[in-house]
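Asks: Here it is, the structure in full.
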Amino acid sequence: MLSSEEAARRLGVKLPTIYAYVSRGLLASYRAPDGRRSLFDVDDVEALARRSRPGERIESRLATVTTAVTEIRPGEGPSYRGIPATRLAIGETLEAVSDLLWESEPGPWVPAAVGVVPVSGFDDRLRWAVVMSGAVDALRSDVRPVAVARAGRTIIATMVAAFPAAGPKSDEATTSIPERLASRLASRPSPVLTDAVRAALVLVADHELASSTVAVRIAASTRSDVYDAVLSGLGTMNGPLHGGASRQAHLLLLDAQRRGSAVALDDALRWQRAAPGFGQFLYEAGDPRWVALLPFVERLAPPDRLEVLRSLVDLAAARGLPKPNVDLALAGLTFVSGMEPEAGGVLFKVARVAGWIAHYLEELTERPLRYRARAIYVTSR
């Protein structure tokens, strides 16, 4: 079943048009179990999408993706298996949220024994960790849910272990993933910082069918193993418009600290034609994940750095720019804690592996090779 917003997005219309379709008998609506929302049958929506508009036939998607992993509601953000991520971020760990997403029992989060990391770049370390985790897995083609969950824990733990400790090294046998990450990305880890990292990881663990998640599902549909599927996601996420967005927002904050918010924001608008960390098309009223993570950032921030963040947000609001999104929240976290600009992307990518694996498992229950786009050939002459 699809929500009103999802049906409208599929049909390319606004919400009032959906209600008009219902009143005219073109589309049947069903009451959701909570009694507050209307739901629509996927096949009904697809049938309506295939009908003619001004004499032109609308092609249906060749793969209809229905999912029980994550639902996005404009005012609430993502919900994992029916539980809002903003609620989970209050106290749950990435490990617990991963088990929720994967519908798995808890297990050990132990990195693979892969030796010394031969690369230094942030993204290179993450990719190397996934490649080597798969290389030492003797049964990497085992796609039973229990085996995929085990591989997921190994991948995430190895990605974290691929970074040298910036502060005191933590005991990986007894510490959580947020504790390990905090000790590697910040020179002065603290319980407050660890808690902020924990909340950030939970908030970005999944976001429905983002571009990188679709890439993972396509890999799963060809029955690639989970390591190759995660690499597909990383390759897609490494673009500056997806997983690299928090780095750009962090650089904006550094520039605002040096030259003032007005100069920094004006330069960003001049050269990038957008303000990094502001705007999310799914959340016109504001990204709930920004709202949820901001208190953790505020508790962590030194007064001078918090003032930089606030002045930038206030200026953007005063000039009617889009509202802050989760990329600015990640950038705020890494900026106020003295991490490198790339650290936000590390948090994002490590956490999103949890969501990717949930979608990978779900895609394995669908028929294989179901993604096939249709091309319209045009001559170059």
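Naming scheme: A, B, ... for chains in displayed order of the structure tokens; residues 1 onward per chain; ligands 1 onward as shown.
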For stretch 320-374 of chain A against stretch 215-235 of chain A, with a cut-off of 7 Å and counting only C-alpha atoms, what is the closest atom pair and its distance in Å to one decimal for every residue that makes the cut, ordered by chain and number, as CSV?

Replies:
```
residue,atom,partner,partner_atom,distance
A:Val353,CA,A:Val230,CA,6.9
A:Trp356,CA,A:Val216,CA,6.4
A:His359,CA,A:Arg217,CA,6.4
A:Tyr360,CA,A:Ala220,CA,5.6
A:Glu363,CA,A:Arg217,CA,5.9
A:Leu364,CA,A:Ala220,CA,6.2
A:Pro368,CA,A:Ser221,CA,4.6
A:Leu369,CA,A:Ser221,CA,5.1
A:Arg370,CA,A:Ser221,CA,6.7
A:Tyr371,CA,A:Ile218,CA,6.6
```

Asks: Those same residues - C-alpha atoms - I'd like them written as a PDB file, in the first residue's frame.

Replies:
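File written: again.pdb
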```pdb
ATOM      1  CA  VAL A 353      25.352   0.472   5.493  1.00  0.00           C
ATOM      2  CA  TRP A 356      21.503  -0.784   2.671  1.00  0.00           C
ATOM      3  CA  HIS A 359      17.124  -3.249   1.575  1.00  0.00           C
ATOM      4  CA  TYR A 360      19.525  -5.890   0.245  1.00  0.00           C
ATOM      5  CA  GLU A 363      15.362  -7.263  -2.464  1.00  0.00           C
ATOM      6  CA  LEU A 364      16.468 -10.892  -2.275  1.00  0.00           C
ATOM      7  CA  PRO A 368      15.799 -11.249  -9.819  1.00  0.00           C
ATOM      8  CA  LEU A 369      16.770  -8.854 -12.611  1.00  0.00           C
ATOM      9  CA  ARG A 370      13.603  -6.801 -12.272  1.00  0.00           C
ATOM     10  CA  TYR A 371      15.265  -3.413 -12.846  1.00  0.00           C
TER      11      TYR A 371
END
```

Asks: Skipping near chain neighbours, those fewer than 4 positions away, what residues fall within 8 Å of stretch 105-118 of chain A using only C-alpha atoms, listed as a list in words?

Replies: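 Counting only the stated atoms, we get Glu95, Ala96, Asp99, Arg125, Trp128, Met132, Ser133, Val136, Arg150, Arg153, Thr154, Ile155, Ile156, Ala157, Thr158, Met159, Ala161, Ala162, Glu172 and Ala173 of chain A.
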
Asks: Closest to A:Thr93 among A:Pro303, A:Pro178, A:Pro322, A:Gly345, using only C-alpha atoms?

Replies: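 Of the candidates, the smallest distance to A:Thr93 is held by A:Pro178.
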
Asks: Please determine, counting only C-alpha atoms, which residue among A:Ala85, A:Thr334, A:Phe348, A:Leu253 has the shortest atom-to-atom distance to A:Pro288.

Replies: A:Ala85

Asks: Name the residues of stretch 109-347 of chain A that fall into alpha helix (DSSP H) according to DSSP on the backbone, using the chain letters and numbers of this document, as a ChimeraX atom specification.

Replies: /A:122-135,145-161,177-185,191-203,211-221,226-237,245-259,261-272,288-300,303-318,326-336,343-347

Asks: Those same residues, written as a short mmCIF file (atom, residue, chain, number, x, y, z; two decimals), in the first residue's frame with C-alpha atoms?

Replies:
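Saved as again.cif:
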```
data_model
loop_
_atom_site.label_atom_id
_atom_site.label_comp_id
_atom_site.auth_asym_id
_atom_site.auth_seq_id
_atom_site.Cartn_x
_atom_site.Cartn_y
_atom_site.Cartn_z
CA PHE A 122 38.70 8.80 4.07
CA ASP A 123 36.65 7.27 1.25
CA ASP A 124 39.48 4.97 0.22
CA ARG A 125 39.65 3.56 3.75
CA LEU A 126 35.92 2.79 3.70
CA ARG A 127 36.06 1.07 0.31
CA TRP A 128 39.19 -0.86 1.27
CA ALA A 129 37.49 -2.09 4.44
CA VAL A 130 34.54 -3.47 2.46
CA VAL A 131 36.74 -5.10 -0.19
CA MET A 132 38.96 -6.77 2.40
CA SER A 133 36.01 -7.87 4.56
CA GLY A 134 34.68 -9.74 1.56
CA ALA A 135 38.11 -11.08 0.60
CA PRO A 145 19.55 -13.58 6.45
CA VAL A 146 21.66 -14.70 9.41
CA ALA A 147 24.80 -14.74 7.24
CA VAL A 148 24.06 -11.36 5.66
CA ALA A 149 23.49 -9.81 9.12
CA ARG A 150 26.78 -11.29 10.29
CA ALA A 151 28.52 -9.82 7.24
CA GLY A 152 26.87 -6.47 7.92
CA ARG A 153 28.30 -6.31 11.43
CA THR A 154 31.74 -7.23 10.10
CA ILE A 155 31.59 -4.60 7.34
CA ILE A 156 30.59 -1.78 9.68
CA ALA A 157 33.12 -2.77 12.35
CA THR A 158 35.89 -3.04 9.76
CA MET A 159 35.03 0.33 8.23
CA VAL A 160 35.39 1.91 11.66
CA ALA A 161 38.61 0.03 12.41
CA ILE A 177 30.38 1.50 17.33
CA PRO A 178 29.74 5.18 18.32
CA GLU A 179 32.51 4.98 20.95
CA ARG A 180 34.94 3.52 18.43
CA LEU A 181 34.09 6.18 15.84
CA ALA A 182 34.39 9.03 18.33
CA SER A 183 37.86 7.83 19.36
CA ARG A 184 38.97 7.75 15.72
CA LEU A 185 37.46 10.95 14.37
CA PRO A 191 30.70 10.86 26.62
CA VAL A 192 28.83 13.91 25.25
CA LEU A 193 30.51 13.54 21.87
CA THR A 194 29.90 9.79 21.80
CA ASP A 195 26.23 10.36 22.50
CA ALA A 196 26.02 12.88 19.66
CA VAL A 197 27.74 10.43 17.30
CA ARG A 198 25.31 7.71 18.42
CA ALA A 199 22.30 9.90 17.66
CA ALA A 200 23.70 10.94 14.28
CA LEU A 201 24.29 7.34 13.21
CA VAL A 202 20.73 6.39 14.12
CA LEU A 203 19.21 9.35 12.27
CA SER A 211 20.04 6.94 -4.95
CA SER A 212 22.65 4.81 -3.19
CA THR A 213 19.97 2.51 -1.78
CA VAL A 214 18.54 1.95 -5.25
CA ALA A 215 22.05 1.03 -6.41
CA VAL A 216 22.29 -1.55 -3.62
CA ARG A 217 18.90 -2.99 -4.52
CA ILE A 218 19.90 -3.24 -8.18
CA ALA A 219 23.03 -5.16 -7.15
CA ALA A 220 20.88 -7.42 -4.98
CA SER A 221 18.53 -8.03 -7.90
CA VAL A 226 26.42 -8.26 0.10
CA TYR A 227 29.99 -6.91 -0.09
CA ASP A 228 29.67 -6.01 -3.77
CA ALA A 229 26.23 -4.54 -3.11
CA VAL A 230 27.61 -2.27 -0.37
CA LEU A 231 30.38 -1.18 -2.75
CA SER A 232 27.68 -0.23 -5.25
CA GLY A 233 26.10 1.95 -2.59
CA LEU A 234 29.41 3.57 -1.66
CA GLY A 235 30.20 4.33 -5.28
CA THR A 236 26.88 6.12 -5.68
CA MET A 237 27.07 7.90 -2.32
CA ALA A 245 27.15 17.12 1.16
CA SER A 246 28.11 17.37 4.85
CA ARG A 247 31.72 18.10 3.87
CA GLN A 248 30.59 21.11 1.85
CA ALA A 249 28.48 22.30 4.77
CA HIS A 250 31.45 21.89 7.15
CA LEU A 251 33.61 23.98 4.84
CA LEU A 252 30.88 26.63 4.81
CA LEU A 253 30.98 26.75 8.61
CA LEU A 254 34.78 27.08 8.60
CA ASP A 255 34.51 29.93 6.12
CA ALA A 256 31.84 31.60 8.24
CA GLN A 257 34.12 31.31 11.26
CA ARG A 258 36.96 33.01 9.39
CA ARG A 259 35.14 35.70 7.42
CA SER A 261 28.37 34.26 7.93
CA ALA A 262 27.27 36.81 5.35
CA VAL A 263 30.47 36.67 3.29
CA ALA A 264 30.65 32.86 3.48
CA LEU A 265 27.02 32.33 2.54
CA ASP A 266 27.16 34.86 -0.28
CA ASP A 267 30.21 33.15 -1.75
CA ALA A 268 28.51 29.76 -1.53
CA LEU A 269 25.48 31.12 -3.38
CA ARG A 270 27.70 32.75 -5.98
CA TRP A 271 29.90 29.78 -6.79
CA GLN A 272 27.74 26.79 -5.87
CA PRO A 288 13.13 16.56 11.21
CA ARG A 289 16.57 14.97 11.47
CA TRP A 290 18.18 18.41 11.76
CA VAL A 291 15.78 19.26 14.56
CA ALA A 292 16.51 15.97 16.35
CA LEU A 293 20.31 16.20 16.14
CA LEU A 294 20.67 19.91 16.93
CA PRO A 295 20.27 19.54 20.74
CA PHE A 296 23.12 17.01 20.80
CA VAL A 297 25.30 19.47 18.85
CA GLU A 298 24.37 22.33 21.18
CA ARG A 299 25.33 20.33 24.28
CA LEU A 300 28.69 19.55 22.70
CA PRO A 303 30.13 28.90 22.68
CA ASP A 304 32.12 30.52 19.85
CA ARG A 305 31.53 27.66 17.40
CA LEU A 306 27.88 27.36 18.34
CA GLU A 307 27.49 31.07 17.60
CA VAL A 308 28.91 30.52 14.10
CA LEU A 309 26.35 27.79 13.44
CA ARG A 310 23.48 29.83 14.83
CA SER A 311 24.41 32.98 12.94
CA LEU A 312 24.52 31.07 9.65
CA VAL A 313 21.14 29.44 10.28
CA ASP A 314 19.59 32.75 11.37
CA LEU A 315 20.91 34.56 8.29
CA ALA A 316 19.57 31.87 5.96
CA ALA A 317 16.17 32.05 7.66
CA ALA A 318 16.08 35.84 7.50
CA VAL A 326 20.65 16.67 8.19
CA ASP A 327 23.85 17.44 6.27
CA LEU A 328 24.18 20.71 8.19
CA ALA A 329 23.49 18.81 11.41
CA LEU A 330 26.34 16.40 10.63
CA ALA A 331 28.55 19.32 9.63
CA GLY A 332 27.65 21.11 12.85
CA LEU A 333 28.60 18.03 14.85
CA THR A 334 31.97 17.63 13.14
CA PHE A 335 32.67 21.39 13.17
CA VAL A 336 32.01 22.02 16.86
CA ALA A 343 34.18 13.10 9.14
CA GLY A 344 30.50 13.81 8.54
CA GLY A 345 30.63 11.72 5.39
CA VAL A 346 32.22 8.88 7.35
CA LEU A 347 29.38 8.95 9.89
#
```

Asks: Rounded to one decimal in Å, what is the spacing between atom CA of A:Arg352 and atom CA of A:Leu209?

Replies: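 So the two atoms, atom CA of A:Arg352 and atom CA of A:Leu209, lie 11.7 Å apart.
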
Asks: Go through A:Thr64, A:Ser79, A:Ser120, A:Asn325 and flag the residue nearest A:Asp206, using only C-alpha atoms for the distances.

Replies: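 Answer, going by the shortest atom-to-atom distance: A:Ser79.
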
Asks: List every residue of stretch 46-177 of chain A that DSSP, applied to the backbone of this structure, assigns to strand (DSSP E or B), and report them as a ChimeraX atom specification.

Replies: /A:52-53,56-57,70-73,77-80,83-84

Asks: Save the residues we just selected, N, CA and C atoms, as a PDB file, in the first residue's frame?

Replies:
```
ATOM      1  N   SER A  52      -3.751   7.112 -20.536  1.00  0.00           N
ATOM      2  CA  SER A  52      -3.284   8.161 -21.441  1.00  0.00           C
ATOM      3  C   SER A  52      -3.505   9.542 -20.851  1.00  0.00           C
ATOM      4  N   ARG A  53      -2.546  10.429 -21.157  1.00  0.00           N
ATOM      5  CA  ARG A  53      -2.700  11.855 -20.905  1.00  0.00           C
ATOM      6  C   ARG A  53      -2.490  12.556 -22.239  1.00  0.00           C
ATOM      7  N   GLU A  56      -0.988  10.696 -24.968  1.00  0.00           N
ATOM      8  CA  GLU A  56       0.308  10.062 -24.765  1.00  0.00           C
ATOM      9  C   GLU A  56       0.210   9.014 -23.678  1.00  0.00           C
ATOM     10  N   ARG A  57       0.810   7.880 -23.931  1.00  0.00           N
ATOM     11  CA  ARG A  57       0.803   6.798 -22.974  1.00  0.00           C
ATOM     12  C   ARG A  57       1.937   6.999 -21.968  1.00  0.00           C
ATOM     13  N   THR A  70      11.595   1.271   5.526  1.00  0.00           N
ATOM     14  CA  THR A  70      11.529   2.661   5.973  1.00  0.00           C
ATOM     15  C   THR A  70      10.425   3.406   5.255  1.00  0.00           C
ATOM     16  N   GLU A  71       9.693   4.202   6.007  1.00  0.00           N
ATOM     17  CA  GLU A  71       8.667   5.093   5.460  1.00  0.00           C
ATOM     18  C   GLU A  71       9.046   6.528   5.806  1.00  0.00           C
ATOM     19  N   ILE A  72       8.886   7.416   4.832  1.00  0.00           N
ATOM     20  CA  ILE A  72       9.171   8.828   5.067  1.00  0.00           C
ATOM     21  C   ILE A  72       7.863   9.599   5.110  1.00  0.00           C
ATOM     22  N   ARG A  73       7.665  10.321   6.210  1.00  0.00           N
ATOM     23  CA  ARG A  73       6.516  11.220   6.341  1.00  0.00           C
ATOM     24  C   ARG A  73       7.061  12.640   6.443  1.00  0.00           C
ATOM     25  N   GLY A  77       9.887  12.676   9.239  1.00  0.00           N
ATOM     26  CA  GLY A  77      11.139  12.076   8.799  1.00  0.00           C
ATOM     27  C   GLY A  77      10.995  10.577   8.619  1.00  0.00           C
ATOM     28  N   PRO A  78      12.104   9.856   8.554  1.00  0.00           N
ATOM     29  CA  PRO A  78      12.040   8.409   8.318  1.00  0.00           C
ATOM     30  C   PRO A  78      11.606   7.635   9.555  1.00  0.00           C
ATOM     31  N   SER A  79      10.839   6.580   9.315  1.00  0.00           N
ATOM     32  CA  SER A  79      10.479   5.629  10.374  1.00  0.00           C
ATOM     33  C   SER A  79      11.015   4.270   9.974  1.00  0.00           C
ATOM     34  N   TYR A  80      11.749   3.624  10.880  1.00  0.00           N
ATOM     35  CA  TYR A  80      12.329   2.316  10.617  1.00  0.00           C
ATOM     36  C   TYR A  80      11.401   1.235  11.172  1.00  0.00           C
ATOM     37  N   ILE A  83       8.907   2.727  13.436  1.00  0.00           N
ATOM     38  CA  ILE A  83       9.332   3.527  14.587  1.00  0.00           C
ATOM     39  C   ILE A  83      10.099   4.744  14.070  1.00  0.00           C
ATOM     40  N   PRO A  84       9.676   5.969  14.409  1.00  0.00           N
ATOM     41  CA  PRO A  84      10.372   7.161  13.919  1.00  0.00           C
ATOM     42  C   PRO A  84      11.844   7.176  14.324  1.00  0.00           C
TER      43      PRO A  84
END
```

Asks: So, with only C-alpha atoms as the atoms that count, which of A:Ala358, A:Ala7, A:Leu39, A:Ala275 lies closest to A:Gly320?

Replies: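 Nearest to A:Gly320: A:Ala275.
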